[in-house]
2 protein chains.
Amino acid sequence: MNPGPDVLKNAALKVESDGAAQSGSYQEILAAAAECFKENGFAATSIDDVARSLNATKGMIYHHFRSKMDLFFAVYRRGMEINFEAVLPYSSGKQSDGDKACLKLAKMSISHAIALMAHQPFQRVLAQGVEMHQTGSTTAAQRQTLDELIRLRNKYEGLFRRAIEAAAQGPVKLPDPSLASKSFLAVLNSTVYWYSPRDKDPQEEQLALATDLVRYAMQGLGLKMPDMALINLETEK
Amino acid sequence: MNPGPDVLKNAALKVESDGAAQSGSYQEILAAAAECFKENGFAATSIDDVARSLNATKGMIYHHFRSKMDLFFAVYRRGMEINFEAVLPYSSGKQSDGDKACLKLAKMSISHAIALMAHQPFQRVLAQGVEMHQTGSTTAAQRQTLDELIRLRNKYEGLFRRAIEAAAQGPVKLPDPSLASKSFLAVLNSTVYWYSPRDKDPQEEQLALATDLVRYAMQGLGLKMPDMALINLETEK
DNA sequence: ATGTGAACATACTACTGAGTATGTTGTCAA
DNA sequence: TTGACAACATACTCAGTAGTATGTTCACAT
């Protein structure tokens, strides 16, 4: 079929490799679009809305994107990129030791949960993309692109499923690994629908919330949360 | 302010009291609209779409509903109705005994999870309503109605929060009851985004899935799942 | 029989919004 | 200097759609 790693590579390397090449306005459009899509949803957002929020016009958007769908896909892709960047650093290697595997899962999960809260607009777009996939809309060509993006998402979910299976070796039994990972991620992702950052110490607040959520999610699997002292993530930029 | 029980009564009694009074077509419109909203989302669904799926015309819809928003609200209300009908029978009374409280919570949760899978279109509309609430759309009057509907939803969530608090008395500590109930319901509600019924034994399948989900959700709180023998719900109609 | 209103269908209006076609401006190479 | 192209802005087309205005049918009360 299609070589697995490539799909990931496409997403994960774009930011690094392009750097200055990807004109600043491009990323700005993505951010503005994500914000608009979050506010009103894809269908209710017009290209003019996005342009307006940039003090620009429709022509500018269409200079960079061939259609509204293309713009949405680009935002979606960027959202997946963000998530991979958050989780990949902690997801490499196979831990045969149960506690190590648990620690790895916890790190991945907390990093994921924080990224989710720190980049809400993009994460909401990801959720909308999933809904769109179940829908029978779009043309054949768009459908193909969307399928590819969903595969990317499944790949991401796979990172967690494998980490969960590794962590649940031993005393814990998983009735259905797929169901387990879905439930697990459902808890972590739930913040998308109600969290809104407070001005005071959003960093601190997000870490605390993420910790509680991950504790709950792991406990559901019968796993105990590792000591927080062991989970010091590199604080990002 | 507004008397709490009334809001609930409005929703919970409508079906019973109206009965034959609510013309058949009314409920059919709700079902068709729910299906359309689920398929394409609120914004991307036209009144003509709904009418077409009923082999009717726009005039018929507007004869029963004053606007597209009104139709949406009615569908939302019906969705909440379904949920209350599923859960209320098991949510009455205060269990001081921990195990009893646990059993009560389990019954409520399983009934909720099954209702969710059995009425997907309506449940998806509920989700869309929540998103809509975070959004800055709609007029002032509509906003008021939407606020009322969200209060209804919060009331529903409150049933679970109280049941959770009652069940978690004793050996278990809840860091944040609100967070706990949000996570708890996130797990149960997650099926909305991926479950699709199989032709074979949907009843059986839904019960099995619901059981697994509830087990996970309760374990996350540190509660153990009661024996299934104790959880025989009255099978609905 | 007749008028009256409920329950629709049909025809129309007014507007929004995706996509396009065509300017306009600045920059940079030759 | 000029021409060529990137990076936009402006102006327009046209399909779709919320809402309205106006038939039409039929049951039912008087």
# chains A, B, ... in the order shown; residues from 1 in each chain; ligands from 1
$ residues_around --residues "segment 118-127 of chain A" --least-positions-apart "5" --cutoff "6 Å" --atoms "only C-alpha atoms (C1' of nucleotides)" --output "PyMOL selection string"
chain A and resi 34-35+38+76+79
$ interface_residues --of "chain A" --to "chain D" --cutoff "10 Å" --atoms "only C-alpha atoms (C1' of nucleotides)" --output "PDB file with C-alpha atoms, in the first residue's frame"
ATOM      1  CA  ALA A  56      -7.180  41.413   3.853  1.00  0.00           C
ATOM      2  CA  THR A  57      -9.447  40.393   1.012  1.00  0.00           C
ATOM      3  CA  LYS A  58     -10.728  37.228  -0.567  1.00  0.00           C
ATOM      4  CA  GLY A  59      -8.170  37.484  -3.336  1.00  0.00           C
ATOM      5  CA  MET A  60      -5.350  36.962  -0.892  1.00  0.00           C
ATOM      6  CA  ILE A  61      -6.804  33.725   0.435  1.00  0.00           C
ATOM      7  CA  TYR A  62      -7.435  32.370  -3.034  1.00  0.00           C
ATOM      8  CA  HIS A  63      -3.914  33.260  -3.994  1.00  0.00           C
ATOM      9  CA  HIS A  64      -2.696  30.751  -1.430  1.00  0.00           C
TER      10      HIS A  64
END
$ interface_residues --of "chain C" --to "chain B" --cutoff "10 Å" --atoms "only C-alpha atoms (C1' of nucleotides)" --output "list in words"
DA6, DA7, DC8, DA9 and DT10 of chain C
$ calpha_fit_and_write --fixed "chain A" --moving "chain B" --output "PDB file with C-alpha atoms, in the first residue's frame"
ATOM      1  CA  MET B   1      -0.217   0.400  -0.527  1.00  0.00           C
ATOM      2  CA  ASN B   2       1.168   3.709   0.496  1.00  0.00           C
ATOM      3  CA  PRO B   3       4.279   3.537   2.634  1.00  0.00           C
ATOM      4  CA  GLY B   4       3.238   4.304   6.153  1.00  0.00           C
ATOM      5  CA  PRO B   5       6.082   6.494   7.336  1.00  0.00           C
ATOM      6  CA  ASP B   6       5.745   8.839   4.370  1.00  0.00           C
ATOM      7  CA  VAL B   7       2.359  10.094   5.418  1.00  0.00           C
ATOM      8  CA  LEU B   8       3.796  10.931   8.760  1.00  0.00           C
ATOM      9  CA  LYS B   9       6.906  12.448   7.315  1.00  0.00           C
ATOM     10  CA  ASN B  10       4.879  14.716   5.104  1.00  0.00           C
ATOM     11  CA  ALA B  11       3.193  16.186   8.105  1.00  0.00           C
ATOM     12  CA  ALA B  12       5.995  16.132  10.617  1.00  0.00           C
ATOM     13  CA  LEU B  13       8.707  17.620   8.494  1.00  0.00           C
ATOM     14  CA  LYS B  14       6.838  20.423   6.826  1.00  0.00           C
ATOM     15  CA  VAL B  15       7.531  23.021   9.491  1.00  0.00           C
ATOM     16  CA  GLU B  16      11.154  22.163   9.965  1.00  0.00           C
ATOM     17  CA  SER B  17      12.011  21.860   6.291  1.00  0.00           C
ATOM     18  CA  ASP B  18      10.097  24.840   5.039  1.00  0.00           C
ATOM     19  CA  GLY B  19      11.025  27.189   7.791  1.00  0.00           C
ATOM     20  CA  ALA B  20      11.385  30.564   6.173  1.00  0.00           C
ATOM     21  CA  ALA B  21      10.232  29.242   2.814  1.00  0.00           C
ATOM     22  CA  GLN B  22       6.623  29.014   4.005  1.00  0.00           C
ATOM     23  CA  SER B  23       5.797  32.708   3.906  1.00  0.00           C
ATOM     24  CA  GLY B  24       4.612  34.199   7.162  1.00  0.00           C
ATOM     25  CA  SER B  25       1.230  35.053   5.744  1.00  0.00           C
ATOM     26  CA  TYR B  26       0.602  31.390   5.007  1.00  0.00           C
ATOM     27  CA  GLN B  27       0.801  30.422   8.664  1.00  0.00           C
ATOM     28  CA  GLU B  28      -1.188  33.507   9.603  1.00  0.00           C
ATOM     29  CA  ILE B  29      -3.960  32.463   7.280  1.00  0.00           C
ATOM     30  CA  LEU B  30      -3.989  29.027   8.870  1.00  0.00           C
ATOM     31  CA  ALA B  31      -4.281  30.518  12.334  1.00  0.00           C
ATOM     32  CA  ALA B  32      -7.003  32.957  11.322  1.00  0.00           C
ATOM     33  CA  ALA B  33      -8.921  30.242   9.504  1.00  0.00           C
ATOM     34  CA  ALA B  34      -8.632  27.927  12.482  1.00  0.00           C
ATOM     35  CA  GLU B  35     -10.053  30.638  14.705  1.00  0.00           C
ATOM     36  CA  CYS B  36     -12.962  31.263  12.330  1.00  0.00           C
ATOM     37  CA  PHE B  37     -13.709  27.569  11.883  1.00  0.00           C
ATOM     38  CA  LYS B  38     -13.678  27.178  15.624  1.00  0.00           C
ATOM     39  CA  GLU B  39     -16.048  30.109  16.100  1.00  0.00           C
ATOM     40  CA  ASN B  40     -18.631  29.306  13.452  1.00  0.00           C
ATOM     41  CA  GLY B  41     -17.800  25.937  12.018  1.00  0.00           C
ATOM     42  CA  PHE B  42     -16.614  25.176   8.514  1.00  0.00           C
ATOM     43  CA  ALA B  43     -19.885  25.605   6.638  1.00  0.00           C
ATOM     44  CA  ALA B  44     -20.856  28.834   8.373  1.00  0.00           C
ATOM     45  CA  THR B  45     -17.465  30.426   7.816  1.00  0.00           C
ATOM     46  CA  SER B  46     -16.967  32.418   4.649  1.00  0.00           C
ATOM     47  CA  ILE B  47     -13.650  33.094   2.990  1.00  0.00           C
ATOM     48  CA  ASP B  48     -14.445  36.762   3.471  1.00  0.00           C
ATOM     49  CA  ASP B  49     -14.695  36.154   7.202  1.00  0.00           C
ATOM     50  CA  VAL B  50     -11.203  34.751   7.284  1.00  0.00           C
ATOM     51  CA  ALA B  51      -9.886  37.551   5.096  1.00  0.00           C
ATOM     52  CA  ARG B  52     -11.585  40.193   7.223  1.00  0.00           C
ATOM     53  CA  SER B  53      -9.989  38.843  10.386  1.00  0.00           C
ATOM     54  CA  LEU B  54      -6.641  39.373   8.673  1.00  0.00           C
ATOM     55  CA  ASN B  55      -7.487  42.850   7.376  1.00  0.00           C
ATOM     56  CA  ALA B  56      -7.126  41.404   3.919  1.00  0.00           C
ATOM     57  CA  THR B  57      -9.367  40.406   1.039  1.00  0.00           C
ATOM     58  CA  LYS B  58     -10.636  37.272  -0.549  1.00  0.00           C
ATOM     59  CA  GLY B  59      -8.052  37.518  -3.286  1.00  0.00           C
ATOM     60  CA  MET B  60      -5.265  36.972  -0.817  1.00  0.00           C
ATOM     61  CA  ILE B  61      -6.752  33.743   0.471  1.00  0.00           C
ATOM     62  CA  TYR B  62      -7.364  32.390  -3.013  1.00  0.00           C
ATOM     63  CA  HIS B  63      -3.823  33.294  -3.941  1.00  0.00           C
ATOM     64  CA  HIS B  64      -2.604  30.759  -1.381  1.00  0.00           C
ATOM     65  CA  PHE B  65      -5.400  28.186  -1.438  1.00  0.00           C
ATOM     66  CA  ARG B  66      -7.333  26.831  -4.353  1.00  0.00           C
ATOM     67  CA  SER B  67     -10.585  26.411  -2.500  1.00  0.00           C
ATOM     68  CA  LYS B  68     -12.225  26.711   0.873  1.00  0.00           C
ATOM     69  CA  MET B  69     -11.838  22.974   1.296  1.00  0.00           C
ATOM     70  CA  ASP B  70      -8.138  23.216   0.560  1.00  0.00           C
ATOM     71  CA  LEU B  71      -7.811  25.805   3.278  1.00  0.00           C
ATOM     72  CA  PHE B  72      -9.641  23.564   5.693  1.00  0.00           C
ATOM     73  CA  PHE B  73      -7.417  20.642   4.831  1.00  0.00           C
ATOM     74  CA  ALA B  74      -4.314  22.737   5.383  1.00  0.00           C
ATOM     75  CA  VAL B  75      -5.561  23.775   8.796  1.00  0.00           C
ATOM     76  CA  TYR B  76      -6.344  20.175   9.609  1.00  0.00           C
ATOM     77  CA  ARG B  77      -2.894  19.101   8.519  1.00  0.00           C
ATOM     78  CA  ARG B  78      -1.308  21.766  10.667  1.00  0.00           C
ATOM     79  CA  GLY B  79      -3.364  20.555  13.600  1.00  0.00           C
ATOM     80  CA  MET B  80      -2.086  17.024  13.176  1.00  0.00           C
ATOM     81  CA  GLU B  81       1.412  18.423  12.870  1.00  0.00           C
ATOM     82  CA  ILE B  82       1.059  20.151  16.226  1.00  0.00           C
ATOM     83  CA  ASN B  83      -0.065  16.936  17.842  1.00  0.00           C
ATOM     84  CA  PHE B  84       2.705  14.842  16.352  1.00  0.00           C
ATOM     85  CA  GLU B  85       5.277  17.381  17.426  1.00  0.00           C
ATOM     86  CA  ALA B  86       3.905  17.246  20.946  1.00  0.00           C
ATOM     87  CA  VAL B  87       3.838  13.477  21.253  1.00  0.00           C
ATOM     88  CA  LEU B  88       6.545  12.027  18.999  1.00  0.00           C
ATOM     89  CA  PRO B  89       9.433  13.002  21.314  1.00  0.00           C
ATOM     90  CA  TYR B  90       8.028  10.712  23.988  1.00  0.00           C
ATOM     91  CA  SER B  91       6.652   7.917  21.858  1.00  0.00           C
ATOM     92  CA  SER B  92       9.829   6.394  20.500  1.00  0.00           C
ATOM     93  CA  GLY B  93      11.261   3.083  21.602  1.00  0.00           C
ATOM     94  CA  LYS B  94       9.740  -0.057  23.036  1.00  0.00           C
ATOM     95  CA  GLN B  95       9.546  -0.321  26.796  1.00  0.00           C
ATOM     96  CA  SER B  96       9.436  -3.925  27.903  1.00  0.00           C
ATOM     97  CA  ASP B  97       9.366  -2.832  31.529  1.00  0.00           C
ATOM     98  CA  GLY B  98       5.775  -2.187  32.634  1.00  0.00           C
ATOM     99  CA  ASP B  99       6.522   0.862  34.740  1.00  0.00           C
ATOM    100  CA  LYS B 100       8.642   2.404  32.008  1.00  0.00           C
ATOM    101  CA  ALA B 101       5.831   1.850  29.535  1.00  0.00           C
ATOM    102  CA  CYS B 102       3.439   3.485  31.943  1.00  0.00           C
ATOM    103  CA  LEU B 103       5.699   6.475  32.319  1.00  0.00           C
ATOM    104  CA  LYS B 104       6.000   6.763  28.558  1.00  0.00           C
ATOM    105  CA  LEU B 105       2.242   6.682  28.146  1.00  0.00           C
ATOM    106  CA  ALA B 106       1.821   9.317  30.829  1.00  0.00           C
ATOM    107  CA  LYS B 107       4.301  11.639  29.185  1.00  0.00           C
ATOM    108  CA  MET B 108       2.679  11.271  25.805  1.00  0.00           C
ATOM    109  CA  SER B 109      -0.743  11.852  27.268  1.00  0.00           C
ATOM    110  CA  ILE B 110       0.131  14.939  29.257  1.00  0.00           C
ATOM    111  CA  SER B 111       1.944  16.473  26.337  1.00  0.00           C
ATOM    112  CA  HIS B 112      -1.049  15.726  24.138  1.00  0.00           C
ATOM    113  CA  ALA B 113      -3.513  17.182  26.603  1.00  0.00           C
ATOM    114  CA  ILE B 114      -1.500  20.360  26.976  1.00  0.00           C
ATOM    115  CA  ALA B 115      -1.124  20.794  23.226  1.00  0.00           C
ATOM    116  CA  LEU B 116      -4.855  20.401  23.002  1.00  0.00           C
ATOM    117  CA  MET B 117      -5.537  23.234  25.382  1.00  0.00           C
ATOM    118  CA  ALA B 118      -2.815  25.440  23.961  1.00  0.00           C
ATOM    119  CA  HIS B 119      -4.057  25.172  20.382  1.00  0.00           C
ATOM    120  CA  GLN B 120      -7.807  24.965  20.719  1.00  0.00           C
ATOM    121  CA  PRO B 121      -8.765  26.356  17.316  1.00  0.00           C
ATOM    122  CA  PHE B 122      -6.707  23.782  15.457  1.00  0.00           C
ATOM    123  CA  GLN B 123      -7.972  21.004  17.655  1.00  0.00           C
ATOM    124  CA  ARG B 124     -11.545  21.983  17.023  1.00  0.00           C
ATOM    125  CA  VAL B 125     -10.840  21.791  13.331  1.00  0.00           C
ATOM    126  CA  LEU B 126      -9.571  18.267  13.829  1.00  0.00           C
ATOM    127  CA  ALA B 127     -12.839  17.378  15.488  1.00  0.00           C
ATOM    128  CA  GLN B 128     -14.767  18.947  12.642  1.00  0.00           C
ATOM    129  CA  GLY B 129     -12.697  16.963  10.191  1.00  0.00           C
ATOM    130  CA  VAL B 130     -13.727  13.741  11.839  1.00  0.00           C
ATOM    131  CA  GLU B 131     -17.363  14.717  11.629  1.00  0.00           C
ATOM    132  CA  MET B 132     -16.892  15.698   8.030  1.00  0.00           C
ATOM    133  CA  HIS B 133     -15.487  12.276   7.299  1.00  0.00           C
ATOM    134  CA  GLN B 134     -18.580  10.498   8.525  1.00  0.00           C
ATOM    135  CA  THR B 135     -20.573  12.808   6.310  1.00  0.00           C
ATOM    136  CA  GLY B 136     -21.307  12.115   2.675  1.00  0.00           C
ATOM    137  CA  SER B 137     -20.221  15.527   1.433  1.00  0.00           C
ATOM    138  CA  THR B 138     -17.353  16.671  -0.798  1.00  0.00           C
ATOM    139  CA  THR B 139     -16.280  15.552  -4.240  1.00  0.00           C
ATOM    140  CA  ALA B 140     -14.286  12.478  -5.075  1.00  0.00           C
ATOM    141  CA  ALA B 141     -10.940  14.264  -5.126  1.00  0.00           C
ATOM    142  CA  GLN B 142     -11.598  15.982  -1.841  1.00  0.00           C
ATOM    143  CA  ARG B 143     -12.791  12.738  -0.370  1.00  0.00           C
ATOM    144  CA  GLN B 144      -9.455  11.188  -1.217  1.00  0.00           C
ATOM    145  CA  THR B 145      -7.549  13.946   0.535  1.00  0.00           C
ATOM    146  CA  LEU B 146      -9.855  13.711   3.515  1.00  0.00           C
ATOM    147  CA  ASP B 147      -9.313   9.979   3.672  1.00  0.00           C
ATOM    148  CA  GLU B 148      -5.600  10.550   3.735  1.00  0.00           C
ATOM    149  CA  LEU B 149      -5.947  13.032   6.564  1.00  0.00           C
ATOM    150  CA  ILE B 150      -8.080  10.635   8.535  1.00  0.00           C
ATOM    151  CA  ARG B 151      -5.445   7.959   8.046  1.00  0.00           C
ATOM    152  CA  LEU B 152      -3.006  10.413   9.526  1.00  0.00           C
ATOM    153  CA  ARG B 153      -5.282  10.757  12.492  1.00  0.00           C
ATOM    154  CA  ASN B 154      -5.604   6.992  12.841  1.00  0.00           C
ATOM    155  CA  LYS B 155      -1.861   6.762  12.769  1.00  0.00           C
ATOM    156  CA  TYR B 156      -1.731   9.223  15.628  1.00  0.00           C
ATOM    157  CA  GLU B 157      -4.312   7.231  17.531  1.00  0.00           C
ATOM    158  CA  GLY B 158      -2.159   4.193  16.837  1.00  0.00           C
ATOM    159  CA  LEU B 159       0.731   5.731  18.747  1.00  0.00           C
ATOM    160  CA  PHE B 160      -1.488   5.776  21.801  1.00  0.00           C
ATOM    161  CA  ARG B 161      -2.988   2.374  21.205  1.00  0.00           C
ATOM    162  CA  ARG B 162       0.437   0.779  21.079  1.00  0.00           C
ATOM    163  CA  ALA B 163       1.613   2.710  24.119  1.00  0.00           C
ATOM    164  CA  ILE B 164      -1.498   1.608  25.956  1.00  0.00           C
ATOM    165  CA  GLU B 165      -1.020  -2.009  25.000  1.00  0.00           C
ATOM    166  CA  ALA B 166       2.586  -1.868  26.148  1.00  0.00           C
ATOM    167  CA  ALA B 167       1.657  -0.280  29.443  1.00  0.00           C
ATOM    168  CA  ALA B 168      -1.165  -2.728  30.030  1.00  0.00           C
ATOM    169  CA  GLN B 169       1.007  -5.829  29.798  1.00  0.00           C
ATOM    170  CA  GLY B 170       1.027  -7.839  32.960  1.00  0.00           C
ATOM    171  CA  PRO B 171      -1.534  -7.444  35.716  1.00  0.00           C
ATOM    172  CA  VAL B 172      -4.039  -5.534  33.567  1.00  0.00           C
ATOM    173  CA  LYS B 173      -6.282  -7.023  30.943  1.00  0.00           C
ATOM    174  CA  LEU B 174      -7.669  -5.025  28.071  1.00  0.00           C
ATOM    175  CA  PRO B 175     -10.969  -6.313  26.747  1.00  0.00           C
ATOM    176  CA  ASP B 176     -10.597  -4.365  23.504  1.00  0.00           C
ATOM    177  CA  PRO B 177      -7.479  -2.303  22.771  1.00  0.00           C
ATOM    178  CA  SER B 178      -9.291  -0.236  20.177  1.00  0.00           C
ATOM    179  CA  LEU B 179     -12.100   0.614  22.542  1.00  0.00           C
ATOM    180  CA  ALA B 180      -9.601   1.312  25.284  1.00  0.00           C
ATOM    181  CA  SER B 181      -7.651   3.798  23.214  1.00  0.00           C
ATOM    182  CA  LYS B 182     -10.841   5.472  22.023  1.00  0.00           C
ATOM    183  CA  SER B 183     -12.055   5.928  25.580  1.00  0.00           C
ATOM    184  CA  PHE B 184      -8.638   7.015  26.720  1.00  0.00           C
ATOM    185  CA  LEU B 185      -8.392   9.721  24.084  1.00  0.00           C
ATOM    186  CA  ALA B 186     -11.994  10.734  24.607  1.00  0.00           C
ATOM    187  CA  VAL B 187     -11.091  11.786  28.125  1.00  0.00           C
ATOM    188  CA  LEU B 188      -8.021  13.713  27.043  1.00  0.00           C
ATOM    189  CA  ASN B 189      -9.835  15.371  24.167  1.00  0.00           C
ATOM    190  CA  SER B 190     -12.857  16.347  26.196  1.00  0.00           C
ATOM    191  CA  THR B 191     -11.320  19.677  27.156  1.00  0.00           C
ATOM    192  CA  VAL B 192     -11.782  20.900  23.594  1.00  0.00           C
ATOM    193  CA  TYR B 193     -15.449  21.366  24.286  1.00  0.00           C
ATOM    194  CA  TRP B 194     -15.356  23.238  27.564  1.00  0.00           C
ATOM    195  CA  TYR B 195     -11.879  24.488  28.472  1.00  0.00           C
ATOM    196  CA  SER B 196     -11.155  28.146  28.004  1.00  0.00           C
ATOM    197  CA  PRO B 197      -7.852  29.520  29.261  1.00  0.00           C
ATOM    198  CA  ARG B 198      -7.738  31.837  32.243  1.00  0.00           C
ATOM    199  CA  ASP B 199      -5.488  34.848  32.012  1.00  0.00           C
ATOM    200  CA  LYS B 200      -3.639  33.862  35.148  1.00  0.00           C
ATOM    201  CA  ASP B 201      -1.010  31.204  34.715  1.00  0.00           C
ATOM    202  CA  PRO B 202      -2.447  29.327  31.786  1.00  0.00           C
ATOM    203  CA  GLN B 203       0.683  27.176  31.690  1.00  0.00           C
ATOM    204  CA  GLU B 204       0.313  26.083  35.291  1.00  0.00           C
ATOM    205  CA  GLU B 205      -3.409  25.627  34.946  1.00  0.00           C
ATOM    206  CA  GLN B 206      -3.110  23.518  31.808  1.00  0.00           C
ATOM    207  CA  LEU B 207      -0.523  21.244  33.363  1.00  0.00           C
ATOM    208  CA  ALA B 208      -2.693  20.722  36.425  1.00  0.00           C
ATOM    209  CA  LEU B 209      -5.742  19.958  34.329  1.00  0.00           C
ATOM    210  CA  ALA B 210      -3.818  17.659  32.033  1.00  0.00           C
ATOM    211  CA  THR B 211      -2.474  15.760  35.021  1.00  0.00           C
ATOM    212  CA  ASP B 212      -5.944  15.211  36.461  1.00  0.00           C
ATOM    213  CA  LEU B 213      -7.288  14.047  33.127  1.00  0.00           C
ATOM    214  CA  VAL B 214      -4.432  11.666  32.484  1.00  0.00           C
ATOM    215  CA  ARG B 215      -4.754  10.255  35.977  1.00  0.00           C
ATOM    216  CA  TYR B 216      -8.417   9.568  35.317  1.00  0.00           C
ATOM    217  CA  ALA B 217      -7.775   8.103  31.885  1.00  0.00           C
ATOM    218  CA  MET B 218      -5.051   5.776  33.127  1.00  0.00           C
ATOM    219  CA  GLN B 219      -6.968   4.691  36.166  1.00  0.00           C
ATOM    220  CA  GLY B 220      -9.770   3.691  33.833  1.00  0.00           C
ATOM    221  CA  LEU B 221      -7.354   1.200  32.304  1.00  0.00           C
ATOM    222  CA  GLY B 222      -6.338  -0.024  35.728  1.00  0.00           C
ATOM    223  CA  LEU B 223      -2.987   1.706  35.462  1.00  0.00           C
ATOM    224  CA  LYS B 224      -1.626   3.873  38.218  1.00  0.00           C
ATOM    225  CA  MET B 225      -0.379   7.358  37.471  1.00  0.00           C
ATOM    226  CA  PRO B 226       3.420   7.645  37.741  1.00  0.00           C
ATOM    227  CA  ASP B 227       4.888  10.154  40.150  1.00  0.00           C
ATOM    228  CA  MET B 228       4.849  13.635  38.709  1.00  0.00           C
ATOM    229  CA  ALA B 229       8.492  14.064  39.625  1.00  0.00           C
ATOM    230  CA  LEU B 230       9.314  11.552  36.908  1.00  0.00           C
ATOM    231  CA  ILE B 231       7.267  13.357  34.296  1.00  0.00           C
ATOM    232  CA  ASN B 232       9.171  16.535  33.676  1.00  0.00           C
ATOM    233  CA  LEU B 233       8.576  17.410  30.086  1.00  0.00           C
ATOM    234  CA  GLU B 234      10.818  19.846  28.380  1.00  0.00           C
ATOM    235  CA  THR B 235       8.868  23.064  28.502  1.00  0.00           C
ATOM    236  CA  GLU B 236       8.290  24.120  24.930  1.00  0.00           C
ATOM    237  CA  LYS B 237       9.837  27.312  23.631  1.00  0.00           C
TER     238      LYS B 237
END
$ select_by_dssp --residues "segment 63-236 of chain A" --states "helix (DSSP H, G or I)" --output "number ranges by chain"
A: 63-64, 68-91, 98-118, 120-134, 140-167, 177-193, 202-220, 228-230
